[in-house]
Amino acid sequence: MAKLAAYRAKRDFTKTSEPAGKASRRRGASFVVQKHDASRLHYDFRLELDGVLKSWAVAKGPSLVAGEKRLAVHVEDHPLDYGDFEGTIPEGQYGGGTVLLWDRGTWEPEGDPQEGYDEGRLTFRLEGEKLHGAWHLVRMAKRPRERQDSWLLIKADDADARGEDDPDILDEAPLSVKSGRALEEIAPSRPARSSAARKAPAKTTTSPKPDKPTKRAAPKSKGLDDFPTDVAGVSLTHPERVLWEDQGLTKQELAAFYAGIADWLLPHLVDRPLTLIRCPGGAEKKCFVQRHSWAGMSSFIHADTVKDGSGKQEILTVRDIRGVVALVQAGVLEMHVWGAILADLERPDRLIFDFDPGEGVDWPAVIDGARAVRERLKALGLESFVKTTGGKGLHVVVPLRPKAPWKDALAFTREVAEAMAADEPDRYTTTSVKHEREGRIFIDYLRNNREASAVAPYSTRSRPGAPVATPVAWEELGPGLKPNGFTVENLSERLKALKRDPWADMSKVDQVLPERARSKRAPRKK
């Protein structure tokens, strides 16, 4: 009882749903990290010891960067039941705000844990759903007028540590390991938004021009029961969540959009390694890159371990429309794919030339660039196809029989791009340096590397207007066609109106990289 006296004294259990709990006599080794949006956002780090959860408030959350110190303020012991708590603490109550169960697992101390805790230095290993490896908790000397002990939470330098330039685990994996929800989904629900006020799709489908997306009329509030929560056999939570504020497009609508164009989308997506852009709060909120599996990931999204040089790596793929809808459920707004399929990862079956205009370059110049590379490829006996990116440029895609390795694919695309830049240096560049791109088009050939990716055909982009990367026929290229002109709003109508898939012949093309001429180097002058 005495161990939890401070915990109970701070709470009114007739008003808060937090567990009253009691100290346990069992010896356990659980740990939990709870994301806590109270007066300020922080992470509560808890280790099971002596029948309770020893607890620290970590303002910035745990860091996977070896040696990076995160301030951890020691707070009152919590009951073991608290390790499963997720919900909202009422305003006016101690710690009022939303609590999300961010990670959980077991911990293994080095040496006697009680002795380490008393001495102010704990070294231990974590085996959680997100956090792994060795860690340190070190108590700092107490300062005058400091009521609570300050500690430092530090990741040890081991195989589970990350570098400073690697993704932040807090951004990479923000959702609950218990429910798969984000903080805002756990907080008291806001009025839902209806799709009833959605505008009719655009009638003109060949040359849409939504440069400045028209905002929808404000939809009326409805309850969750007004929305279907199942698309293609996949259950959606919070289907009313708005993913594009400017369009009012919801999670439900995005899932339905993909289900409606599945026959167009899946041939370019299935069994290709994915690089995902996840935006759990919508396109205008924080987004992050996801390449590996995460806690609570749907079984319709497949994680495979493949060889990577002398080691191994994990890749994600989908096999059907259920996988795509599961990605939508996880807040994925962009799907990028490798230029190779899972069955033959070492030999690309597609090459990409990405025409990315710098400041001051008009759209017709981008079209001219795409046509110019098409002619160069034709001269080498290669057919190519084109798609809008949903951004500012165009992708020229070259299908191949998977025969040449990645290094040859990269060398070939580099030679073509550099030849264009050498012939017309005022129009093209192969450098990504921003100031050198002004007034010129950057021909990005670096997407032709193993593990590099390009936005998948028919994937949405996390940009205003909910644009979609869209295959087009070469004959469609013109001033009236815009790189971000096809959107979730109008693409379905375009596809219904098409008499023929502009990429219908891609699967029939049987071509390989041409033999590269080996240049003879002149003898060095002495």
# chains A, B, ... in the order shown; residues from 1 in each chain; ligands from 1
>>> residues_around(residues="segment 335-337 of chain A", least_positions_apart="5", cutoff="9 Å", atoms="only C-alpha atoms", output="list in words")
His268, Leu269, Arg272, Pro273, Leu274, Thr275, Leu276, Ile277, Leu327, Glu451, Ala452, Ser453, Ala454, Val455, Ala456, Pro457, Ser459, Thr460 and Arg461 of chain A
>>> residues_around(residues="Lys407 of chain A", least_positions_apart="5", cutoff="9 Å", atoms="only C-alpha atoms", output="list of chain:residue names")
A:Phe412, A:Asn448, A:Asn449, A:Arg450
>>> write_last_selection(atoms="N, CA and C atoms", output="compact mmCIF listing (two decimals), in the first residue's frame")
# COMPACT_ATOMS: atom_id res chain seq x y z
N PHE A 412 23.77 2.77 -67.59
CA PHE A 412 23.10 3.12 -68.84
C PHE A 412 22.28 4.41 -68.70
N ASN A 448 17.49 4.40 -60.47
CA ASN A 448 17.80 3.10 -61.05
C ASN A 448 18.89 2.38 -60.27
N ASN A 449 18.76 2.44 -58.97
CA ASN A 449 19.63 1.76 -58.01
C ASN A 449 18.80 0.74 -57.26
N ARG A 450 19.41 -0.34 -56.83
CA ARG A 450 18.70 -1.27 -55.94
C ARG A 450 18.29 -0.50 -54.68
>>> atom_distance(atom1="atom CA of Pro405 of chain A", atom2="atom CA of Asp320 of chain A")
27.7 Å
>>> closest_residue(among="A:Pro280, A:Gly105, A:Gly96, A:Gly163", to="Glu185 of chain A", atoms="only C-alpha atoms")
A:Pro280
>>> select_by_dssp(residues="segment 324-504 of chain A", states="alpha helix (DSSP H)", output="PyMOL selection string")
chain A and resi 324-329+363-379+406-423+434-437+491-497
>>> atom_distance(atom1="atom CA of Asp362 of chain A", atom2="atom CA of His395 of chain A")
16.3 Å
>>> residues_around(residues="Pro113 of chain A", least_positions_apart="4", cutoff="10 Å", atoms="only C-alpha atoms", output="compact mmCIF listing (two decimals) with N, CA, C and O atoms, in the first residue's frame")
# COMPACT_ATOMS: atom_id res chain seq x y z
N LEU A 49 9.62 -3.33 -11.18
CA LEU A 49 10.62 -3.63 -10.15
C LEU A 49 9.95 -3.59 -8.78
O LEU A 49 9.23 -2.63 -8.47
N ASP A 50 10.17 -4.61 -8.00
CA ASP A 50 9.66 -4.66 -6.63
C ASP A 50 8.14 -4.52 -6.59
O ASP A 50 7.59 -3.83 -5.72
N GLU A 108 15.72 -6.82 -19.11
CA GLU A 108 16.65 -7.70 -18.41
C GLU A 108 17.79 -6.86 -17.86
O GLU A 108 18.59 -6.30 -18.62
N PRO A 109 17.87 -6.72 -16.54
CA PRO A 109 18.91 -5.87 -15.95
C PRO A 109 20.29 -6.53 -15.98
O PRO A 109 20.41 -7.75 -15.99
N TYR A 117 19.22 0.46 -9.07
CA TYR A 117 18.23 1.54 -8.91
C TYR A 117 18.59 2.41 -7.71
O TYR A 117 18.55 3.65 -7.80
N ASP A 118 18.95 1.79 -6.60
CA ASP A 118 19.29 2.55 -5.39
C ASP A 118 20.54 3.40 -5.60
O ASP A 118 20.63 4.53 -5.09
N GLU A 119 21.50 2.87 -6.37
CA GLU A 119 22.74 3.60 -6.60
C GLU A 119 22.63 4.62 -7.73
O GLU A 119 23.54 5.43 -7.93
N ARG A 121 22.21 3.96 -11.09
CA ARG A 121 22.78 3.56 -12.38
C ARG A 121 22.24 2.19 -12.76
O ARG A 121 22.64 1.18 -12.19
N LEU A 122 21.35 2.17 -13.74
CA LEU A 122 20.76 0.93 -14.23
C LEU A 122 21.22 0.70 -15.67
O LEU A 122 21.11 1.58 -16.53
N THR A 123 21.73 -0.49 -15.93
CA THR A 123 22.04 -0.91 -17.29
C THR A 123 21.19 -2.14 -17.58
O THR A 123 21.13 -3.06 -16.76
N PHE A 124 20.54 -2.18 -18.73
CA PHE A 124 19.58 -3.25 -18.99
C PHE A 124 19.37 -3.40 -20.50
O PHE A 124 19.76 -2.54 -21.30
>>> closest_residue(among="A:Leu64, A:Leu71, A:Glu253, A:Ala295", to="Ser176 of chain A", atoms="only C-alpha atoms")
A:Ala295
>>> closest_residue(among="A:Leu236, A:Val509, A:Ala340, A:Ala72", to="Ala409 of chain A", atoms="only C-alpha atoms")
A:Ala340
>>> select_by_dssp(residues="segment 416-487 of chain A", states="strand (DSSP E or B)", output="list of chain:residue names")
A:Tyr428, A:Thr429, A:Ile441, A:Phe442, A:Ile443, A:Asp444, A:Ala454, A:Val455, A:Thr460, A:Pro467, A:Val468, A:Thr470, A:Pro471, A:Val472, A:Thr487
>>> atom_distance(atom1="atom CA of Asp37 of chain A", atom2="atom CA of Pro174 of chain A")
12.7 Å
>>> residues_around(residues="Phe31 of chain A", least_positions_apart="2", cutoff="9 Å", atoms="only C-alpha atoms", output="tab-separated table (two decimals) with N, CA and C atoms, in the first residue's frame")
chain	number	residue	atom	x	y	z
A	29	ALA	N	9.23	-8.80	-15.10
A	29	ALA	CA	10.25	-8.03	-15.82
A	29	ALA	C	9.64	-7.30	-17.00
A	33	VAL	N	6.23	1.87	-22.35
A	33	VAL	CA	6.40	3.29	-22.66
A	33	VAL	C	5.05	3.82	-23.11
A	45	PHE	N	8.27	6.36	-19.24
A	45	PHE	CA	9.08	5.15	-19.34
A	45	PHE	C	8.97	4.41	-18.01
A	46	ARG	N	8.56	3.13	-18.05
A	46	ARG	CA	8.27	2.41	-16.81
A	46	ARG	C	8.91	1.02	-16.83
A	47	LEU	N	9.58	0.69	-15.74
A	47	LEU	CA	10.21	-0.62	-15.56
A	47	LEU	C	9.60	-1.31	-14.35
A	48	GLU	N	9.22	-2.57	-14.52
A	48	GLU	CA	8.67	-3.33	-13.40
A	48	GLU	C	9.78	-3.73	-12.44
A	53	LEU	N	5.60	-0.36	-11.05
A	53	LEU	CA	6.28	0.19	-12.23
A	53	LEU	C	7.06	1.43	-11.81
A	83	GLY	N	0.33	-0.59	-16.83
A	83	GLY	CA	1.05	-0.94	-18.04
A	83	GLY	C	0.16	-1.26	-19.21
A	103	ASP	N	4.84	1.46	-26.46
A	103	ASP	CA	5.67	0.25	-26.57
A	103	ASP	C	5.53	-0.56	-25.29
A	104	ARG	N	5.79	-1.86	-25.42
A	104	ARG	CA	5.76	-2.74	-24.25
A	104	ARG	C	6.59	-3.98	-24.55
A	105	GLY	N	7.03	-4.63	-23.49
A	105	GLY	CA	7.87	-5.81	-23.65
A	105	GLY	C	8.47	-6.20	-22.32
A	106	THR	N	9.68	-6.75	-22.39
A	106	THR	CA	10.37	-7.17	-21.17
A	106	THR	C	11.74	-6.50	-21.09
A	107	TRP	N	12.26	-6.41	-19.86
A	107	TRP	CA	13.59	-5.85	-19.68
A	107	TRP	C	14.43	-6.82	-18.85
A	126	LEU	N	16.33	-4.15	-23.43
A	126	LEU	CA	14.90	-4.11	-23.70
A	126	LEU	C	14.58	-5.03	-24.87
A	127	GLU	N	13.48	-5.75	-24.73
A	127	GLU	CA	12.94	-6.53	-25.84
A	127	GLU	C	11.48	-6.14	-25.99
A	128	GLY	N	11.25	-5.04	-26.70
A	128	GLY	CA	9.90	-4.55	-26.89
A	128	GLY	C	9.45	-4.73	-28.32
>>> residues_around(residues="Val65 of chain A", least_positions_apart="2", cutoff="6 Å", atoms="only C-alpha atoms", output="ChimeraX atom specification")
/A:63,68,161-163
>>> write_last_selection(atoms="all heavy atoms", output="compact mmCIF listing (two decimals), in the first residue's frame")
# COMPACT_ATOMS: atom_id res chain seq x y z
N SER A 63 15.54 7.98 -27.53
CA SER A 63 16.28 8.13 -28.79
C SER A 63 17.09 6.87 -29.05
O SER A 63 17.70 6.32 -28.14
CB SER A 63 17.21 9.34 -28.73
OG SER A 63 18.09 9.35 -29.84
N GLU A 68 23.09 9.49 -27.10
CA GLU A 68 22.27 10.70 -26.98
C GLU A 68 21.50 10.65 -25.66
O GLU A 68 20.79 9.69 -25.37
CB GLU A 68 21.30 10.82 -28.15
CG GLU A 68 20.49 12.11 -28.11
CD GLU A 68 19.76 12.39 -29.41
OE1 GLU A 68 20.31 12.04 -30.48
OE2 GLU A 68 18.66 12.93 -29.35
N ALA A 161 21.31 0.28 -32.18
CA ALA A 161 21.42 1.74 -32.20
C ALA A 161 21.33 2.26 -33.63
O ALA A 161 21.60 1.54 -34.59
CB ALA A 161 22.73 2.17 -31.55
N ARG A 162 20.97 3.52 -33.76
CA ARG A 162 20.90 4.18 -35.06
C ARG A 162 21.83 5.37 -35.11
O ARG A 162 22.25 5.88 -34.08
CB ARG A 162 19.47 4.64 -35.36
CG ARG A 162 18.46 3.52 -35.54
CD ARG A 162 17.10 4.05 -35.95
NE ARG A 162 16.13 2.97 -36.17
CZ ARG A 162 14.88 3.16 -36.56
NH1 ARG A 162 14.44 4.39 -36.76
NH2 ARG A 162 14.07 2.13 -36.75
N GLY A 163 22.10 5.82 -36.32
CA GLY A 163 22.91 7.02 -36.50
C GLY A 163 22.06 8.27 -36.46
O GLY A 163 20.82 8.21 -36.52
>>> residues_around(residues="Arg437 of chain A", least_positions_apart="2", cutoff="12 Å", atoms="only C-alpha atoms", output="PyMOL selection string")
chain A and resi 355-361+421+425-435+439-444
